[in-house]
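Structure file model23.cif (mmCIF, C-alpha atoms) is printed below.
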data_data
#
loop_
_atom_site.label_atom_id
_atom_site.label_comp_id
_atom_site.auth_asym_id
_atom_site.auth_seq_id
_atom_site.Cartn_x
_atom_site.Cartn_y
_atom_site.Cartn_z
CA MET G 1 14.86 -1.90 20.20
CA SER G 2 14.39 1.68 19.08
CA GLU G 3 11.47 2.75 16.97
CA HIS G 4 11.63 2.05 13.27
CA VAL G 5 10.72 5.05 11.10
CA VAL G 6 9.40 3.76 7.77
CA SER G 7 10.66 5.97 4.95
CA LYS G 8 8.33 8.01 2.77
CA LYS G 9 9.65 6.16 -0.25
CA ILE G 10 8.28 2.85 1.04
CA TYR G 11 4.89 4.44 1.77
CA PHE G 12 4.65 5.78 -1.79
CA LEU G 13 5.79 2.45 -3.26
CA ILE G 14 3.10 0.57 -1.31
CA PHE G 15 0.54 3.17 -2.34
CA GLY G 16 1.51 2.68 -6.00
CA ALA G 17 1.22 -1.10 -5.66
CA LEU G 18 -2.25 -0.76 -4.07
CA MET G 19 -3.39 1.47 -6.94
CA VAL G 20 -2.09 -0.93 -9.60
CA LEU G 21 -3.82 -3.86 -7.87
CA THR G 22 -7.09 -1.88 -7.68
CA VAL G 23 -7.01 -1.15 -11.42
CA LEU G 24 -6.14 -4.80 -12.07
CA THR G 25 -9.03 -6.17 -10.00
CA VAL G 26 -11.52 -3.85 -11.75
CA TYR G 27 -10.13 -4.78 -15.18
CA VAL G 28 -10.31 -8.53 -14.52
CA ALA G 29 -13.89 -8.17 -13.24
CA THR G 30 -15.09 -7.00 -16.66
CA PHE G 31 -14.49 -10.51 -18.03
CA ASN G 32 -16.52 -13.58 -17.17
CA LEU G 33 -13.81 -16.09 -16.32
CA GLY G 34 -16.42 -18.74 -15.69
CA GLY G 35 -17.12 -20.79 -12.59
CA PRO G 36 -15.44 -19.64 -9.41
CA PHE G 37 -12.45 -18.00 -11.11
CA ASN G 38 -13.70 -14.39 -10.92
CA ALA G 39 -14.03 -14.77 -7.16
CA ILE G 40 -10.67 -16.52 -6.81
CA VAL G 41 -8.80 -13.79 -8.70
CA ALA G 42 -10.67 -10.95 -6.92
CA LEU G 43 -10.04 -12.46 -3.48
CA SER G 44 -6.37 -13.19 -4.17
CA ILE G 45 -5.84 -9.55 -5.14
CA ALA G 46 -7.77 -8.37 -2.06
CA VAL G 47 -5.67 -10.57 0.25
CA LEU G 48 -2.48 -9.25 -1.35
CA LYS G 49 -3.65 -5.64 -0.87
CA ALA G 50 -4.63 -6.32 2.75
CA LEU G 51 -1.20 -7.89 3.37
CA LEU G 52 0.57 -4.80 2.00
CA VAL G 53 -1.52 -2.52 4.24
CA VAL G 54 -0.99 -4.68 7.35
CA LEU G 55 2.74 -5.20 6.85
CA TYR G 56 3.77 -1.68 5.78
CA PHE G 57 1.08 0.91 6.55
CA MET G 58 0.34 -0.75 9.91
CA HIS G 59 4.05 -1.39 10.53
CA VAL G 60 3.58 -5.04 11.48
CA ARG G 61 6.64 -5.96 9.44
CA TYR G 62 8.75 -3.83 11.80
CA SER G 63 6.90 -4.75 14.99
CA SER G 64 7.80 -7.07 17.84
CA ARG G 65 7.20 -10.80 17.72
CA LEU G 66 4.38 -10.46 20.22
CA THR G 67 2.56 -8.14 17.81
CA TRP G 68 3.11 -10.71 15.05
CA ALA G 69 1.57 -13.37 17.28
CA PHE G 70 -1.48 -11.15 18.00
CA VAL G 71 -2.10 -10.34 14.35
CA GLY G 72 -1.46 -13.89 13.22
CA ALA G 73 -3.81 -15.31 15.86
CA GLY G 74 -6.57 -12.92 14.77
CA PHE G 75 -6.50 -14.02 11.14
CA PHE G 76 -5.97 -17.65 12.12
CA TRP G 77 -9.17 -17.61 14.16
CA LEU G 78 -10.99 -15.97 11.24
CA ALA G 79 -9.78 -18.85 9.06
CA ILE G 80 -11.19 -21.32 11.60
CA LEU G 81 -14.56 -19.53 11.48
CA PHE G 82 -14.71 -19.81 7.68
CA ALA G 83 -13.22 -23.29 7.36
CA LEU G 84 -15.33 -25.04 10.00
CA THR G 85 -18.59 -23.32 9.01
CA LEU G 86 -18.09 -24.07 5.33
CA SER G 87 -17.02 -27.67 5.94
CA ASP G 88 -20.38 -28.11 7.62
CA TYR G 89 -22.62 -26.27 5.13
CA LEU G 90 -20.89 -27.46 1.96
CA SER G 91 -20.90 -31.11 3.02
CA ARG G 92 -24.64 -31.25 3.69
CA PRO G 93 -26.31 -30.68 0.34
CA TRP G 94 -29.39 -32.63 1.43
CA LEU G 95 -30.43 -29.63 3.53
CA GLY G 96 -31.85 -28.34 0.24
CA GLN G 97 -32.26 -24.88 -1.17
CA MET U 1 8.33 4.66 27.15
CA GLU U 2 9.20 1.82 24.80
CA GLN U 3 7.19 -0.63 26.83
CA GLN U 4 4.21 1.72 27.04
CA LYS U 5 4.21 2.12 23.28
CA GLU U 6 4.33 -1.63 22.82
CA ALA U 7 1.43 -2.08 25.24
CA GLY U 8 -0.60 0.53 23.36
CA THR U 9 0.02 -1.14 19.99
CA LEU U 10 -0.90 -4.56 21.36
CA GLY U 11 -4.04 -3.17 22.99
CA MET U 12 -5.17 -1.69 19.68
CA TRP U 13 -4.48 -4.96 17.90
CA ALA U 14 -6.47 -6.86 20.54
CA PHE U 15 -9.38 -4.53 19.77
CA LEU U 16 -8.87 -4.92 16.03
CA ILE U 17 -9.00 -8.72 16.44
CA THR U 18 -12.48 -8.37 17.96
CA GLU U 19 -13.32 -6.22 14.93
CA ILE U 20 -11.98 -8.92 12.60
CA MET U 21 -14.31 -11.40 14.31
CA PHE U 22 -17.21 -8.95 14.12
CA PHE U 23 -16.86 -8.32 10.39
CA GLY U 24 -15.89 -11.98 9.94
CA GLY U 25 -19.37 -13.10 11.02
CA LEU U 26 -20.95 -10.81 8.43
CA PHE U 27 -18.56 -12.01 5.73
CA MET U 28 -19.49 -15.57 6.72
CA ALA U 29 -23.18 -14.76 6.13
CA TYR U 30 -22.24 -13.30 2.74
CA ILE U 31 -20.27 -16.43 1.77
CA LEU U 32 -23.07 -18.80 2.78
CA TYR U 33 -25.84 -16.94 0.97
CA ARG U 34 -23.67 -16.42 -2.04
CA THR U 35 -23.00 -20.16 -2.35
CA LYS U 36 -26.72 -20.74 -1.90
CA TYR U 37 -27.99 -18.08 -4.37
CA PRO U 38 -25.11 -17.55 -6.84
CA ASP U 39 -27.26 -16.22 -9.70
CA ALA U 40 -29.30 -13.79 -7.61
CA PHE U 41 -26.13 -12.45 -5.96
CA SER U 42 -24.43 -11.96 -9.30
CA SER U 43 -27.50 -10.23 -10.70
CA GLY U 44 -27.97 -8.00 -7.65
CA SER U 45 -24.29 -7.10 -7.63
CA GLY U 46 -24.45 -6.20 -11.33
CA HIS U 47 -26.88 -3.40 -10.49
CA LEU U 48 -24.49 -1.70 -8.05
CA ASN U 49 -22.49 1.17 -9.50
CA TRP U 50 -18.97 -0.30 -9.55
CA ARG U 51 -17.53 2.99 -10.83
CA LEU U 52 -18.57 4.73 -7.61
CA GLY U 53 -17.27 1.75 -5.63
CA ALA U 54 -13.92 1.94 -7.43
CA ALA U 55 -13.76 5.70 -6.88
CA ASN U 56 -14.35 5.16 -3.17
CA THR U 57 -11.66 2.47 -3.11
CA VAL U 58 -9.17 4.98 -4.52
CA VAL U 59 -10.33 7.63 -2.02
CA LEU U 60 -9.75 5.24 0.90
CA ILE U 61 -6.34 4.08 -0.33
CA VAL U 62 -5.20 7.70 -0.72
CA SER U 63 -6.51 8.39 2.80
CA SER U 64 -4.46 5.44 4.08
CA LEU U 65 -1.39 6.98 2.43
CA THR U 66 -2.03 10.39 4.05
CA MET U 67 -2.59 8.61 7.39
CA ALA U 68 0.71 6.74 7.05
CA LEU U 69 2.42 10.04 6.20
CA ALA U 70 0.79 11.66 9.24
CA VAL U 71 2.47 8.99 11.38
CA TYR U 72 5.75 9.65 9.56
CA TYR U 73 5.58 13.41 10.22
CA SER U 74 4.68 12.83 13.88
CA GLN U 75 7.78 10.61 14.16
CA THR U 76 10.00 13.23 12.54
CA GLY U 77 8.42 16.08 14.53
CA ASN U 78 7.06 18.09 11.60
CA LYS U 79 3.98 19.63 13.19
CA ARG U 80 2.78 21.60 10.17
CA LEU U 81 2.80 18.62 7.78
CA LEU U 82 1.34 16.34 10.46
CA ILE U 83 -1.67 18.67 10.68
CA VAL U 84 -1.92 18.91 6.88
CA MET U 85 -1.94 15.10 6.57
CA LEU U 86 -4.54 14.68 9.33
CA VAL U 87 -6.81 17.24 7.67
CA LEU U 88 -6.36 15.55 4.27
CA THR U 89 -7.20 12.18 5.82
CA MET U 90 -10.40 13.62 7.30
CA ILE U 91 -11.41 15.29 4.02
CA LEU U 92 -10.92 12.00 2.16
CA GLY U 93 -12.89 10.09 4.80
CA ALA U 94 -15.74 12.60 4.50
CA THR U 95 -15.59 12.32 0.67
CA PHE U 96 -16.04 8.56 0.99
CA LEU U 97 -19.15 9.04 3.13
CA VAL U 98 -20.64 11.61 0.73
CA VAL U 99 -20.21 9.23 -2.24
CA LYS U 100 -21.72 6.44 -0.14
CA GLY U 101 -24.65 8.74 0.67
CA PHE U 102 -25.34 9.31 -3.05
CA GLU U 103 -25.20 5.55 -3.61
CA TYR U 104 -27.67 4.88 -0.80
CA HIS U 105 -29.97 7.56 -2.17
CA SER U 106 -30.03 5.94 -5.61
CA LYS U 107 -30.90 2.62 -3.96
CA TRP U 108 -33.80 4.37 -2.27
CA THR U 109 -35.14 5.84 -5.53
CA ASP U 110 -34.69 2.43 -7.23
CA HIS U 111 -36.76 0.69 -4.52
CA LEU U 112 -33.84 -1.49 -3.47
CA ILE U 113 -34.08 -1.03 0.32
CA PRO U 114 -34.82 -4.48 1.81
CA GLY U 115 -38.07 -4.50 3.74
CA PHE U 116 -39.22 -1.10 2.44
CA GLY U 117 -41.09 -1.89 -0.76
CA PHE U 118 -38.24 -3.83 -2.31
CA GLU U 119 -38.79 -4.29 -6.06
CA TRP U 120 -36.71 -6.29 -8.51
CA HIS U 121 -37.58 -6.79 -12.18
CA LEU U 122 -34.24 -7.99 -13.53
CA ARG U 123 -32.79 -11.48 -13.62
CA GLY U 124 -32.89 -13.52 -10.43
CA ASP U 125 -35.45 -14.35 -7.76
CA PRO U 126 -36.53 -11.08 -6.05
CA GLN U 127 -36.44 -12.66 -2.58
CA GLN U 128 -32.90 -13.89 -3.09
CA VAL U 129 -31.76 -10.59 -4.58
CA GLN U 130 -33.29 -8.86 -1.56
CA MET U 131 -31.02 -11.01 0.61
CA PHE U 132 -28.04 -9.70 -1.36
CA TYR U 133 -29.15 -6.13 -0.73
CA PHE U 134 -29.75 -6.86 2.93
CA ILE U 135 -26.17 -8.07 3.30
CA TYR U 136 -24.95 -5.15 1.15
CA PHE U 137 -26.58 -2.63 3.47
CA ALA U 138 -25.49 -4.43 6.64
CA LEU U 139 -21.83 -4.61 5.58
CA THR U 140 -21.51 -1.16 3.99
CA GLY U 141 -23.63 0.43 6.71
CA ILE U 142 -21.49 -0.89 9.52
CA HIS U 143 -18.37 -0.01 7.54
CA ALA U 144 -19.67 3.55 7.08
CA LEU U 145 -20.34 3.71 10.82
CA HIS U 146 -16.71 2.79 11.40
CA MET U 147 -15.71 5.61 9.06
CA VAL U 148 -17.79 8.07 11.11
CA VAL U 149 -16.08 6.86 14.30
CA GLY U 150 -12.72 7.15 12.53
CA LEU U 151 -13.49 10.78 11.64
CA GLY U 152 -14.26 11.46 15.29
CA ILE U 153 -10.96 9.89 16.38
CA MET U 154 -9.08 11.94 13.76
CA ALA U 155 -10.75 15.11 15.04
CA VAL U 156 -9.40 14.37 18.54
CA ILE U 157 -5.91 13.61 17.18
CA LEU U 158 -5.99 16.79 15.10
CA ARG U 159 -6.89 18.82 18.18
CA MET U 160 -4.02 17.22 20.13
CA ALA U 161 -1.63 17.95 17.24
CA VAL U 162 -2.69 21.60 17.11
CA LYS U 163 -2.12 21.84 20.86
CA ASP U 164 1.48 20.60 20.43
CA ARG U 165 0.89 17.40 22.32
CA PHE U 166 3.10 15.24 20.08
CA THR U 167 6.88 14.97 19.92
CA PRO U 168 9.16 12.50 18.11
CA ALA U 169 9.46 10.71 21.49
CA TYR U 170 5.70 10.64 22.14
CA HIS U 171 3.27 10.17 19.29
CA SER U 172 1.58 6.86 20.13
CA PRO U 173 -1.97 8.28 19.76
CA VAL U 174 -1.29 9.16 16.10
CA GLU U 175 0.15 5.73 15.41
CA ILE U 176 -2.58 3.79 17.21
CA SER U 177 -5.40 5.78 15.60
CA GLY U 178 -3.65 5.10 12.30
CA LEU U 179 -3.97 1.35 12.95
CA TYR U 180 -7.72 1.77 13.27
CA TRP U 181 -7.95 3.88 10.11
CA HIS U 182 -5.96 1.34 8.06
CA PHE U 183 -8.10 -1.49 9.42
CA VAL U 184 -11.29 0.19 8.19
CA ASP U 185 -9.55 0.58 4.82
CA ILE U 186 -8.79 -3.16 4.76
CA VAL U 187 -12.45 -4.01 5.36
CA TRP U 188 -13.35 -1.92 2.30
CA ILE U 189 -10.59 -3.62 0.27
CA PHE U 190 -12.60 -6.84 0.72
CA LEU U 191 -16.07 -5.29 0.45
CA PHE U 192 -15.39 -3.67 -2.93
CA PRO U 193 -14.65 -6.85 -4.96
CA LEU U 194 -17.14 -9.01 -3.05
CA LEU U 195 -20.09 -6.64 -3.42
CA TYR U 196 -19.41 -4.53 -6.52
CA LEU U 197 -17.23 -6.62 -8.81
CA LEU U 198 -19.01 -9.93 -8.39
CA GLY U 199 -21.53 -9.08 -11.13
CA ALA U 200 -19.64 -6.29 -12.89
CA HIS U 201 -19.31 -8.33 -16.08
CA GLU U 202 -23.11 -8.48 -16.29
CA GLY U 203 -23.36 -4.71 -16.38
CA HIS U 204 -27.05 -3.86 -16.14
#
Let me see the file written as structure tokens.
Amino acid sequence: MSEHVVSKKIYFLIFGALMVLTVLTVYVATFNLGGPFNAIVALSIAVLKALLVVLYFMHVRYSSRLTWAFVGAGFFWLAILFALTLSDYLSRPWLGQ
Amino acid sequence: MEQQKEAGTLGMWAFLITEIMFFGGLFMAYILYRTKYPDAFSSGSGHLNWRLGAANTVVLIVSSLTMALAVYYSQTGNKRLLIVMLVLTMILGATFLVVKGFEYHSKWTDHLIPGFGFEWHLRGDPQQVQMFYFIYFALTGIHALHMVVGLGIMAVILRMAVKDRFTPAYHSPVEISGLYWHFVDIVWIFLFPLLYLLGAHEGH
């Protein structure tokens, strides 16, 4: 497997997408969508941006399966941290404010 | 060579996973306190200057582009443009830190440093808002520290590039340092909406 050289065109395309998403997230934040929806939209955009950076700027899309496993495991463990902690805190309202 | 490169990439990712866990703990603290004090967090966030935060987001994304291009030029063996891209990346990284410095200074003059005469007269319980600012300084401070380290790494890579150490067959240091730089960018991609945009619609 020889090294994959990502073309400049792809880098500029990803850069453009990141810029558009940044403008979008700022624009949406000026409205009060009510309830948790501001956070949901903002986080969805952030995850999308992070994915673009990881897959293209960090070349994971073109990397070996072992690299995929490493990266996937890292974010999977992060998800465990959030999910298990929140399932505890959010299900015990009697702890009070 | 191929195997060495693979080992280097995996090693960097193993380190970045520890970094994900490190920042993950801080993000966890943010999530918990935000669910606990939603109003105070929104109010505290509304006082941050989201325009400066957005400007810094753009600066970091451009620096990620120049970093990616630096890797490209090291792969294609264009020494002159590799050096140009590394220098641009460092200038953008330094710009980010300067803007951050101005932001911190305004927090100081507004008495918003937790533990050092923190004052809050706007909406929200001052103690709870202070918790928001504590988490703000912890997250952005540690992120800024990573930027400083990144600048140091880039200085070393720049020196190696000037000394003709890289060829299309051997440029792993550029690529691996790039992974670190992009990772720090990703952390900011999450910090910006979570800290600055959360209360942007309140605008005070």
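Residue neighbourhood of segment 36-42 of chain G, excluding near-sequence residues (fewer than 3 positions): Thr25, Val28, Ala29, Asn32, Leu33, Ile45 and Ala46 of chain G; Pro193, Leu194 and Leu198 of chain U, at 8 Å, using only C-alpha atoms.
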Kindly provide the residues of chain G that approach chain U to within 6 Å, each paired with its closest atom pair and their distance in Å to one decimal, based on all atoms listed in the file, listed by chain and increasing number, as CSV.
residue,atom,partner,partner_atom,distance
G:Ala29,CA,U:Leu197,CA,5.8
G:Thr30,CA,U:His201,CA,4.5
G:Phe31,CA,U:His201,CA,5.6
G:Ala46,CA,U:Phe190,CA,5.8
G:Ala50,CA,U:Ile186,CA,5.6
G:Phe57,CA,U:Ala68,CA,5.9
G:Met58,CA,U:Leu179,CA,5.7
G:Gly74,CA,U:Ile17,CA,5.1
- Item | Counting all atoms listed in the file, the option among U:Pro168, U:Gly115, U:Gly8, U:Gly152 closest to Glu3 of chain G |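 The shortest atom-to-atom distance to Glu3 of chain G comes from U:Pro168.
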- Check which residues satisfy the PyMOL selection byres ((chain U and resi 128) around 10) in the file shown, then give them as a ChimeraX atom specification. /U:33-34,36-41,44,124-127,129-134
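Between atom CA of Ile10 of chain G and atom CA of Lys49 of chain G the interatomic distance comes to 14.8 Å.
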Please evaluate the PyMOL selection byres ((chain U and resi 140) around 10) against the displayed coordinates and give the resulting residues as an mmCIF file with C-alpha atoms, in the frame of the given file.
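Printed below is part21.cif as written:
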data_model
loop_
_atom_site.group_PDB
_atom_site.id
_atom_site.type_symbol
_atom_site.label_atom_id
_atom_site.label_comp_id
_atom_site.auth_asym_id
_atom_site.auth_seq_id
_atom_site.Cartn_x
_atom_site.Cartn_y
_atom_site.Cartn_z
ATOM 1 C CA LYS U 100 -21.720 6.440 -0.140
ATOM 2 C CA TYR U 104 -27.670 4.880 -0.800
ATOM 3 C CA ILE U 135 -26.170 -8.070 3.300
ATOM 4 C CA TYR U 136 -24.950 -5.150 1.150
ATOM 5 C CA PHE U 137 -26.580 -2.630 3.470
ATOM 6 C CA ALA U 138 -25.490 -4.430 6.640
ATOM 7 C CA LEU U 139 -21.830 -4.610 5.580
ATOM 8 C CA GLY U 141 -23.630 0.430 6.710
ATOM 9 C CA ILE U 142 -21.490 -0.890 9.520
ATOM 10 C CA HIS U 143 -18.370 -0.010 7.540
ATOM 11 C CA ALA U 144 -19.670 3.550 7.080
ATOM 12 C CA LEU U 145 -20.340 3.710 10.820
ATOM 13 C CA HIS U 146 -16.710 2.790 11.400
ATOM 14 C CA VAL U 187 -12.450 -4.010 5.360
ATOM 15 C CA TRP U 188 -13.350 -1.920 2.300
ATOM 16 C CA LEU U 191 -16.070 -5.290 0.450
ATOM 17 C CA PHE U 192 -15.390 -3.670 -2.930
ATOM 18 C CA LEU U 195 -20.090 -6.640 -3.420
#
- Nearest to Ser74 of chain U, restricted to only C-alpha atoms and choosing among U:Met147, U:Leu97, U:Leu86, U:Leu52, comes out as U:Leu86
- Query: Quick one, how far is atom CA of Leu52 of chain G from atom CA of Val174 of chain U?
  - Reply: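 Result for atom CA of Leu52 of chain G versus atom CA of Val174 of chain U: 19.9 Å, one decimal.
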- U:Ala155, U:Leu48, U:Leu82, U:Leu26: which is nearest Thr167 of chain U, counting only C-alpha atoms?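 Of U:Ala155, U:Leu48, U:Leu82, U:Leu26, the one nearest Thr167 of chain U, counting only C-alpha atoms, is U:Leu82.
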- With distances taken over only C-alpha atoms, which of G:Leu66, G:Gly16, G:Phe75, G:Phe82 is nearest to Val54 of chain G?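 Using only C-alpha atoms, Val54 of chain G sits closest to G:Phe75.
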